[in-house]
$ cat entry-v2.csv   # CSV, N, CA and C atoms
chain,number,residue,atom,x,y,z
A,209,MET,N,-49.1,29.5,61.7
A,209,MET,CA,-49.8,30.4,60.8
A,209,MET,C,-50.7,31.3,61.5
A,210,GLY,N,-51.0,31.0,62.7
A,210,GLY,CA,-51.7,32.0,63.6
A,210,GLY,C,-53.1,32.4,63.1
A,211,GLU,N,-54.0,32.6,64.0
A,211,GLU,CA,-55.3,33.1,63.7
A,211,GLU,C,-56.1,32.2,62.8
A,212,GLY,N,-55.6,31.0,62.4
A,212,GLY,CA,-56.4,30.1,61.6
A,212,GLY,C,-56.5,30.4,60.2
A,213,GLY,N,-55.8,31.4,59.7
A,213,GLY,CA,-56.0,31.7,58.3
A,213,GLY,C,-54.7,32.3,57.7
A,214,MET,N,-54.8,32.6,56.4
A,214,MET,CA,-53.6,33.1,55.7
A,214,MET,C,-53.6,34.6,55.7
A,215,SER,N,-54.7,35.3,55.9
A,215,SER,CA,-54.8,36.7,55.8
A,215,SER,C,-54.1,37.4,57.0
A,216,GLY,N,-53.6,38.6,56.9
A,216,GLY,CA,-53.0,39.3,58.0
A,216,GLY,C,-51.5,39.1,58.1
A,217,GLY,N,-50.9,38.1,57.5
A,217,GLY,CA,-49.5,37.9,57.5
A,217,GLY,C,-48.8,38.7,56.4
A,218,ALA,N,-48.1,39.8,56.8
A,218,ALA,CA,-47.5,40.7,55.8
A,218,ALA,C,-46.5,39.8,55.0
A,219,GLY,N,-46.7,39.8,53.7
A,219,GLY,CA,-45.7,39.1,52.9
A,219,GLY,C,-45.9,37.6,52.8
A,220,LEU,N,-46.7,37.0,53.6
A,220,LEU,CA,-46.9,35.6,53.6
A,220,LEU,C,-47.8,35.2,52.4
A,221,ARG,N,-47.3,34.2,51.7
A,221,ARG,CA,-48.0,33.8,50.5
A,221,ARG,C,-47.9,32.3,50.3
A,222,LEU,N,-48.9,31.6,49.9
A,222,LEU,CA,-48.9,30.2,49.5
A,222,LEU,C,-48.4,30.2,48.0
A,223,VAL,N,-47.4,29.4,47.8
A,223,VAL,CA,-46.8,29.3,46.4
A,223,VAL,C,-46.8,27.8,46.1
A,224,VAL,N,-47.4,27.5,44.9
A,224,VAL,CA,-47.3,26.2,44.4
A,224,VAL,C,-46.5,26.2,43.1
A,225,PHE,N,-45.4,25.5,43.1
A,225,PHE,CA,-44.4,25.5,42.0
A,225,PHE,C,-44.8,24.6,40.9
A,226,PRO,N,-44.1,24.8,39.7
A,226,PRO,CA,-44.4,24.0,38.5
A,226,PRO,C,-44.2,22.5,38.8
A,227,PRO,N,-44.9,21.7,38.1
A,227,PRO,CA,-44.7,20.2,38.3
A,227,PRO,C,-43.3,19.8,37.9
A,228,ASP,N,-42.8,18.9,38.6
A,228,ASP,CA,-41.4,18.3,38.3
A,228,ASP,C,-41.7,17.2,37.2
A,229,GLN,N,-40.6,16.5,36.9
A,229,GLN,CA,-40.7,15.5,35.9
A,229,GLN,C,-41.6,14.3,36.3
A,230,HIS,N,-42.0,14.2,37.5
A,230,HIS,CA,-42.8,13.2,38.0
A,230,HIS,C,-44.3,13.7,38.3
A,231,GLY,N,-44.5,15.0,37.9
A,231,GLY,CA,-45.9,15.5,38.1
A,231,GLY,C,-46.1,16.1,39.5
A,232,ARG,N,-45.1,16.1,40.4
A,232,ARG,CA,-45.3,16.6,41.7
A,232,ARG,C,-45.0,18.1,41.8
A,233,ARG,N,-45.6,18.8,42.7
A,233,ARG,CA,-45.4,20.2,42.8
A,233,ARG,C,-45.0,20.6,44.3
A,234,ARG,N,-43.9,21.4,44.4
A,234,ARG,CA,-43.5,21.8,45.7
A,234,ARG,C,-44.5,22.9,46.2
A,235,VAL,N,-44.7,22.9,47.5
A,235,VAL,CA,-45.6,23.9,48.1
A,235,VAL,C,-44.9,24.6,49.2
A,236,ARG,N,-44.9,25.9,49.2
A,236,ARG,CA,-44.3,26.8,50.2
A,236,ARG,C,-45.3,27.8,50.7
A,237,TYR,N,-45.1,28.1,52.0
A,237,TYR,CA,-45.9,29.2,52.6
A,237,TYR,C,-45.0,30.0,53.4
A,238,GLY,N,-45.0,31.3,53.1
A,238,GLY,CA,-44.2,32.3,53.9
A,238,GLY,C,-42.7,31.9,53.8
A,239,GLY,N,-42.3,31.4,52.7
A,239,GLY,CA,-40.9,31.0,52.5
A,239,GLY,C,-40.5,29.7,53.1
A,240,GLN,N,-41.5,29.0,53.7
A,240,GLN,CA,-41.2,27.7,54.3
A,240,GLN,C,-41.8,26.6,53.5
A,241,SER,N,-41.0,25.6,53.3
A,241,SER,CA,-41.4,24.4,52.5
A,241,SER,C,-42.4,23.6,53.3
A,242,LEU,N,-43.6,23.3,52.7
A,242,LEU,CA,-44.6,22.5,53.4
A,242,LEU,C,-44.6,21.1,52.9
A,243,GLY,N,-44.1,20.9,51.7
A,243,GLY,CA,-44.0,19.5,51.2
A,243,GLY,C,-44.1,19.5,49.7
A,244,THR,N,-44.2,18.3,49.1
A,244,THR,CA,-44.4,18.1,47.7
A,244,THR,C,-45.7,17.4,47.4
A,245,ALA,N,-46.6,18.1,46.7
A,245,ALA,CA,-47.9,17.6,46.5
A,245,ALA,C,-48.0,16.8,45.2
A,246,HIS,N,-48.7,15.7,45.4
A,246,HIS,CA,-48.9,14.8,44.2
A,246,HIS,C,-50.3,15.1,43.6
A,247,ARG,N,-51.1,15.8,44.3
A,247,ARG,CA,-52.5,16.2,43.8
A,247,ARG,C,-52.9,17.4,44.6
A,248,MET,N,-53.9,18.1,44.1
A,248,MET,CA,-54.3,19.3,44.8
A,248,MET,C,-54.8,19.1,46.2
A,249,SER,N,-55.4,17.9,46.5
A,249,SER,CA,-55.9,17.6,47.8
A,249,SER,C,-54.8,17.5,48.9
A,250,ASP,N,-53.6,17.4,48.4
A,250,ASP,CA,-52.5,17.3,49.4
A,250,ASP,C,-52.2,18.7,50.1
A,251,ILE,N,-52.5,19.8,49.4
A,251,ILE,CA,-52.2,21.1,49.8
A,251,ILE,C,-52.9,21.4,51.2
A,252,PRO,N,-54.3,21.2,51.3
A,252,PRO,CA,-54.9,21.5,52.6
A,252,PRO,C,-54.3,20.6,53.7
A,253,VAL,N,-53.9,19.4,53.4
A,253,VAL,CA,-53.3,18.5,54.4
A,253,VAL,C,-52.0,19.2,54.9
A,254,PHE,N,-51.2,19.7,54.0
A,254,PHE,CA,-50.0,20.4,54.4
A,254,PHE,C,-50.3,21.6,55.3
A,255,LEU,N,-51.3,22.4,54.8
A,255,LEU,CA,-51.6,23.6,55.6
A,255,LEU,C,-52.1,23.2,57.0
A,256,ALA,N,-52.9,22.2,57.1
A,256,ALA,CA,-53.5,21.8,58.4
A,256,ALA,C,-52.3,21.3,59.3
A,257,GLY,N,-51.4,20.6,58.7
A,257,GLY,CA,-50.2,20.1,59.4
A,257,GLY,C,-49.3,21.3,59.9
A,258,ALA,N,-49.4,22.4,59.2
A,258,ALA,CA,-48.6,23.6,59.6
A,258,ALA,C,-49.4,24.5,60.6
A,259,GLY,N,-50.6,24.0,61.0
A,259,GLY,CA,-51.4,24.7,62.0
A,259,GLY,C,-52.5,25.6,61.5
A,260,MET,N,-52.8,25.5,60.2
A,260,MET,CA,-54.0,26.3,59.7
A,260,MET,C,-55.3,25.7,60.0
A,261,GLU,N,-56.1,26.4,60.7
A,261,GLU,CA,-57.5,25.9,61.0
A,261,GLU,C,-58.3,26.0,59.7
A,262,ASN,N,-59.2,25.1,59.5
A,262,ASN,CA,-60.1,25.1,58.4
A,262,ASN,C,-59.4,25.1,57.0
A,263,ALA,N,-58.2,24.5,57.0
A,263,ALA,CA,-57.5,24.5,55.7
A,263,ALA,C,-58.2,23.9,54.6
A,264,GLU,N,-59.1,22.9,54.9
A,264,GLU,CA,-59.9,22.3,53.8
A,264,GLU,C,-60.9,23.2,53.1
A,265,ASP,N,-61.2,24.4,53.8
A,265,ASP,CA,-62.1,25.3,53.2
A,265,ASP,C,-61.4,26.4,52.4
A,266,LEU,N,-60.1,26.4,52.3
A,266,LEU,CA,-59.4,27.4,51.6
A,266,LEU,C,-59.7,27.3,50.1
A,267,ASP,N,-59.9,28.4,49.4
A,267,ASP,CA,-60.2,28.4,48.0
A,267,ASP,C,-58.9,28.5,47.3
A,268,LEU,N,-58.4,27.3,46.8
A,268,LEU,CA,-57.0,27.2,46.2
A,268,LEU,C,-57.0,27.9,44.8
A,269,ALA,N,-58.2,28.2,44.3
A,269,ALA,CA,-58.2,28.8,43.0
A,269,ALA,C,-58.2,30.4,43.1
A,270,ASP,N,-58.2,30.9,44.3
A,270,ASP,CA,-58.2,32.3,44.5
A,270,ASP,C,-56.8,32.9,44.4
A,271,PRO,N,-56.6,33.7,43.3
A,271,PRO,CA,-55.2,34.2,43.1
A,271,PRO,C,-54.7,35.2,44.2
A,272,GLU,N,-55.6,35.7,45.0
A,272,GLU,CA,-55.3,36.5,46.2
A,272,GLU,C,-54.6,35.7,47.3
A,273,LEU,N,-54.9,34.4,47.3
A,273,LEU,CA,-54.4,33.5,48.3
A,273,LEU,C,-53.2,32.6,47.9
A,274,VAL,N,-53.3,32.2,46.6
A,274,VAL,CA,-52.3,31.2,46.1
A,274,VAL,C,-51.6,31.7,44.8
A,275,GLU,N,-50.3,31.6,44.8
A,275,GLU,CA,-49.6,31.9,43.6
A,275,GLU,C,-49.2,30.6,42.9
A,276,TRP,N,-49.9,30.3,41.8
A,276,TRP,CA,-49.6,29.1,41.1
A,276,TRP,C,-48.6,29.4,40.0
A,277,ARG,N,-47.5,28.6,40.0
A,277,ARG,CA,-46.4,28.8,39.0
A,277,ARG,C,-46.4,27.6,38.1
A,278,GLY,N,-46.3,27.8,36.8
A,278,GLY,CA,-46.2,26.7,35.9
A,278,GLY,C,-47.6,26.0,35.6
A,279,GLY,N,-48.6,26.8,35.8
A,279,GLY,CA,-50.0,26.2,35.6
A,279,GLY,C,-50.8,26.4,36.8
A,280,GLY,N,-52.1,26.5,36.7
A,280,GLY,CA,-53.0,26.7,37.8
A,280,GLY,C,-53.4,25.4,38.5
A,281,PRO,N,-54.4,25.5,39.3
A,281,PRO,CA,-54.8,24.3,40.1
A,281,PRO,C,-55.3,23.1,39.3
A,282,GLU,N,-55.5,23.3,38.0
A,282,GLU,CA,-56.0,22.2,37.2
A,282,GLU,C,-54.8,21.4,36.6
A,283,VAL,N,-53.5,21.9,36.8
A,283,VAL,CA,-52.4,21.3,36.2
A,283,VAL,C,-51.7,20.3,37.1
A,284,TRP,N,-52.0,19.0,36.9
A,284,TRP,CA,-51.4,17.9,37.7
A,284,TRP,C,-51.1,16.8,36.8
A,285,PRO,N,-49.9,16.9,36.1
A,285,PRO,CA,-49.6,15.8,35.1
A,285,PRO,C,-49.5,14.5,35.8
A,286,ALA,N,-49.9,13.4,35.1
A,286,ALA,CA,-49.8,12.1,35.6
A,286,ALA,C,-48.3,11.7,35.8
A,287,SER,N,-48.0,11.0,36.8
A,287,SER,CA,-46.7,10.5,37.1
A,287,SER,C,-46.3,9.5,36.0
A,288,PRO,N,-45.1,9.5,35.5
A,288,PRO,CA,-44.7,8.5,34.5
A,288,PRO,C,-44.6,7.1,35.2
A,289,SER,N,-45.0,6.1,34.5
A,289,SER,CA,-44.9,4.8,35.1
A,289,SER,C,-43.4,4.3,35.0
A,290,GLY,N,-43.0,3.5,35.9
A,290,GLY,CA,-41.7,3.0,35.8
A,290,GLY,C,-41.1,2.7,37.1

$ encode --input "entry-v2.csv" --output "structure tokens"
Amino acid sequence: MGEGGMSGGAGLRLVVFPPDQHGRRRVRYGGQSLGTAHRMSDIPVFLAGAGMENAEDLDLADPELVEWRGGGPEVWPASPSG
């Protein structure tokens, strides 16, 4: 991710997809899959694993940084039991 942040990368965008039937959300950055999040706190972990410095400080509610699809950062349906 270079330079420790998300800014400066032309066309690079963090995208969080709608929840699946189990409440999980796919996370992509710059067209690359980072993983499937079970909760919002998973996203900074994915970003740190991809090399972003200070990923835990990223404002995930900032629409300039994150494209939330199928609901914003507050949408995390409970996983069905079974």

$ closest_residue --input "entry-v2.csv" --among "A:Pro271, A:Arg232, A:Arg277, A:Gly259" --to "Arg247 of chain A" --atoms "all atoms listed in the file"
A:Arg232

$ closest_residue --input "entry-v2.csv" --among "A:Pro252, A:Val224, A:His230, A:Ala245" --to "Gly278 of chain A" --atoms "only N, CA and C atoms"
A:Val224

$ residues_around --input "entry-v2.csv" --residues "Glu282 of chain A" --least-positions-apart "2" --cutoff "10 Å" --atoms "only C-alpha atoms" --output "VMD selection string"
chain A and resid 247 to 248 269 279 to 280 284 to 285

$ write_last_selection --input "entry-v2.csv" --atoms "N, CA and C atoms" --output "PDB file, in the coordinates of the input"
ATOM      1  N   ARG A 247     -51.100  15.800  44.300  1.00  0.00           N
ATOM      2  CA  ARG A 247     -52.500  16.200  43.800  1.00  0.00           C
ATOM      3  C   ARG A 247     -52.900  17.400  44.600  1.00  0.00           C
ATOM      4  N   MET A 248     -53.900  18.100  44.100  1.00  0.00           N
ATOM      5  CA  MET A 248     -54.300  19.300  44.800  1.00  0.00           C
ATOM      6  C   MET A 248     -54.800  19.100  46.200  1.00  0.00           C
ATOM      7  N   ALA A 269     -58.200  28.200  44.300  1.00  0.00           N
ATOM      8  CA  ALA A 269     -58.200  28.800  43.000  1.00  0.00           C
ATOM      9  C   ALA A 269     -58.200  30.400  43.100  1.00  0.00           C
ATOM     10  N   GLY A 279     -48.600  26.800  35.800  1.00  0.00           N
ATOM     11  CA  GLY A 279     -50.000  26.200  35.600  1.00  0.00           C
ATOM     12  C   GLY A 279     -50.800  26.400  36.800  1.00  0.00           C
ATOM     13  N   GLY A 280     -52.100  26.500  36.700  1.00  0.00           N
ATOM     14  CA  GLY A 280     -53.000  26.700  37.800  1.00  0.00           C
ATOM     15  C   GLY A 280     -53.400  25.400  38.500  1.00  0.00           C
ATOM     16  N   TRP A 284     -52.000  19.000  36.900  1.00  0.00           N
ATOM     17  CA  TRP A 284     -51.400  17.900  37.700  1.00  0.00           C
ATOM     18  C   TRP A 284     -51.100  16.800  36.800  1.00  0.00           C
ATOM     19  N   PRO A 285     -49.900  16.900  36.100  1.00  0.00           N
ATOM     20  CA  PRO A 285     -49.600  15.800  35.100  1.00  0.00           C
ATOM     21  C   PRO A 285     -49.500  14.500  35.800  1.00  0.00           C
TER      22      PRO A 285
END

$ atom_distance --input "entry-v2.csv" --atom1 "atom CA of Gly231 of chain A" --atom2 "atom C of Met260 of chain A"
25.9 Å

$ residues_around --input "entry-v2.csv" --residues "segment 234-240 of chain A" --least-positions-apart "2" --cutoff "9 Å" --atoms "only C-alpha atoms" --output "list in words"
Gly217, Gly219, Leu220, Arg221, Leu222, Val223, Val224, Phe225, Pro226, Pro227, Asp228, Arg232, Leu242, Gly243, Thr244, Ala245, His246, Ile251, Phe254 and Leu255 of chain A

$ atom_distance --input "entry-v2.csv" --atom1 "atom N of Asn262 of chain A" --atom2 "atom N of Val283 of chain A"
23.6 Å

$ select_by_dssp --input "entry-v2.csv" --residues "chain A" --states "strand (DSSP E or B)" --output "number ranges by chain"
A: 222-224, 233-237, 240-245, 274-276

$ atom_distance --input "entry-v2.csv" --atom1 "atom C of Glu272 of chain A" --atom2 "atom C of Gly257 of chain A"
19.9 Å

$ select_by_dssp --input "entry-v2.csv" --residues "chain A" --states "helix (DSSP H, G or I)" --output "ChimeraX atom specification"
/A:250-257,263-265

$ closest_residue --input "entry-v2.csv" --among "A:Leu268, A:Ala258, A:Ala263, A:Ala286" --to "Ser241 of chain A" --atoms "only C-alpha atoms"
A:Ala258

$ residues_around --input "entry-v2.csv" --residues "Glu264 of chain A" --least-positions-apart "3" --cutoff "6.5 Å" --atoms "all atoms listed in the file" --output "PyMOL selection string"
chain A and resi 252-253+261+267

$ decode --input "entry-v2.csv" --residues "segment 261-286 of chain A" --atoms "N, CA, C and O atoms" --output "CSV table (one decimal), in the first residue's frame"
chain,number,residue,atom,x,y,z
A,261,GLU,N,0.4,1.1,7.4
A,261,GLU,CA,0.8,1.6,8.7
A,261,GLU,C,-0.4,2.3,9.3
A,261,GLU,O,-1.1,3.0,8.7
A,262,ASN,N,-0.5,2.2,10.6
A,262,ASN,CA,-1.6,2.9,11.4
A,262,ASN,C,-3.0,2.6,10.9
A,262,ASN,O,-3.8,3.5,10.9
A,263,ALA,N,-3.2,1.4,10.4
A,263,ALA,CA,-4.5,1.0,9.9
A,263,ALA,C,-5.6,1.2,10.9
A,263,ALA,O,-6.7,1.5,10.6
A,264,GLU,N,-5.3,1.0,12.2
A,264,GLU,CA,-6.3,1.1,13.2
A,264,GLU,C,-6.8,2.5,13.4
A,264,GLU,O,-7.8,2.7,14.0
A,265,ASP,N,-6.1,3.5,12.9
A,265,ASP,CA,-6.5,4.9,13.0
A,265,ASP,C,-7.3,5.3,11.8
A,265,ASP,O,-7.8,6.5,11.8
A,266,LEU,N,-7.5,4.5,10.8
A,266,LEU,CA,-8.3,4.9,9.6
A,266,LEU,C,-9.8,5.1,10.0
A,266,LEU,O,-10.4,4.3,10.8
A,267,ASP,N,-10.4,6.2,9.5
A,267,ASP,CA,-11.8,6.5,9.8
A,267,ASP,C,-12.6,5.7,8.8
A,267,ASP,O,-12.8,6.2,7.6
A,268,LEU,N,-13.1,4.6,9.2
A,268,LEU,CA,-13.9,3.7,8.3
A,268,LEU,C,-15.3,4.3,7.9
A,268,LEU,O,-15.9,3.9,7.0
A,269,ALA,N,-15.7,5.4,8.6
A,269,ALA,CA,-16.9,6.0,8.3
A,269,ALA,C,-16.8,7.2,7.3
A,269,ALA,O,-17.7,7.7,6.8
A,270,ASP,N,-15.5,7.4,6.9
A,270,ASP,CA,-15.2,8.5,5.9
A,270,ASP,C,-15.5,8.0,4.5
A,270,ASP,O,-14.8,7.2,4.0
A,271,PRO,N,-16.6,8.6,3.8
A,271,PRO,CA,-16.9,8.1,2.5
A,271,PRO,C,-15.8,8.5,1.4
A,271,PRO,O,-15.8,7.9,0.3
A,272,GLU,N,-14.9,9.3,1.8
A,272,GLU,CA,-13.8,9.6,0.9
A,272,GLU,C,-12.8,8.4,0.8
A,272,GLU,O,-12.0,8.3,-0.1
A,273,LEU,N,-12.8,7.6,1.9
A,273,LEU,CA,-11.8,6.5,2.0
A,273,LEU,C,-12.4,5.2,1.8
A,273,LEU,O,-11.7,4.3,1.3
A,274,VAL,N,-13.7,5.0,2.1
A,274,VAL,CA,-14.3,3.7,2.1
A,274,VAL,C,-15.7,3.8,1.3
A,274,VAL,O,-16.5,4.7,1.6
A,275,GLU,N,-15.8,2.9,0.4
A,275,GLU,CA,-17.1,2.7,-0.3
A,275,GLU,C,-17.8,1.5,0.3
A,275,GLU,O,-17.4,0.4,0.2
A,276,TRP,N,-18.9,1.9,1.1
A,276,TRP,CA,-19.7,0.8,1.7
A,276,TRP,C,-20.8,0.5,0.8
A,276,TRP,O,-21.6,1.3,0.4
A,277,ARG,N,-21.0,-0.8,0.5
A,277,ARG,CA,-22.1,-1.3,-0.4
A,277,ARG,C,-23.0,-2.1,0.5
A,277,ARG,O,-22.6,-2.9,1.3
A,278,GLY,N,-24.3,-1.9,0.3
A,278,GLY,CA,-25.3,-2.7,1.0
A,278,GLY,C,-25.4,-2.3,2.5
A,278,GLY,O,-25.7,-3.1,3.3
A,279,GLY,N,-25.1,-1.1,2.8
A,279,GLY,CA,-25.2,-0.6,4.1
A,279,GLY,C,-23.9,-0.1,4.6
A,279,GLY,O,-22.8,-0.5,4.2
A,280,GLY,N,-23.9,0.9,5.5
A,280,GLY,CA,-22.7,1.5,6.0
A,280,GLY,C,-22.0,0.7,7.1
A,280,GLY,O,-22.3,-0.5,7.3
A,281,PRO,N,-21.1,1.4,7.8
A,281,PRO,CA,-20.3,0.7,8.8
A,281,PRO,C,-21.1,0.1,10.0
A,281,PRO,O,-20.6,-0.7,10.7
A,282,GLU,N,-22.3,0.6,10.1
A,282,GLU,CA,-23.2,0.1,11.2
A,282,GLU,C,-23.9,-1.2,10.9
A,282,GLU,O,-24.5,-1.8,11.7
A,283,VAL,N,-23.8,-1.7,9.6
A,283,VAL,CA,-24.6,-2.8,9.1
A,283,VAL,C,-23.7,-4.1,9.2
A,283,VAL,O,-22.9,-4.3,8.4
A,284,TRP,N,-24.0,-4.9,10.3
A,284,TRP,CA,-23.3,-6.1,10.5
A,284,TRP,C,-24.3,-7.1,11.0
A,284,TRP,O,-24.4,-7.3,12.3
A,285,PRO,N,-25.1,-7.7,10.2
A,285,PRO,CA,-26.1,-8.7,10.6
A,285,PRO,C,-25.5,-9.8,11.5
A,285,PRO,O,-24.4,-10.3,11.2
A,286,ALA,N,-26.3,-10.3,12.4
A,286,ALA,CA,-25.8,-11.4,13.2
A,286,ALA,C,-25.8,-12.7,12.4
A,286,ALA,O,-26.7,-12.8,11.5
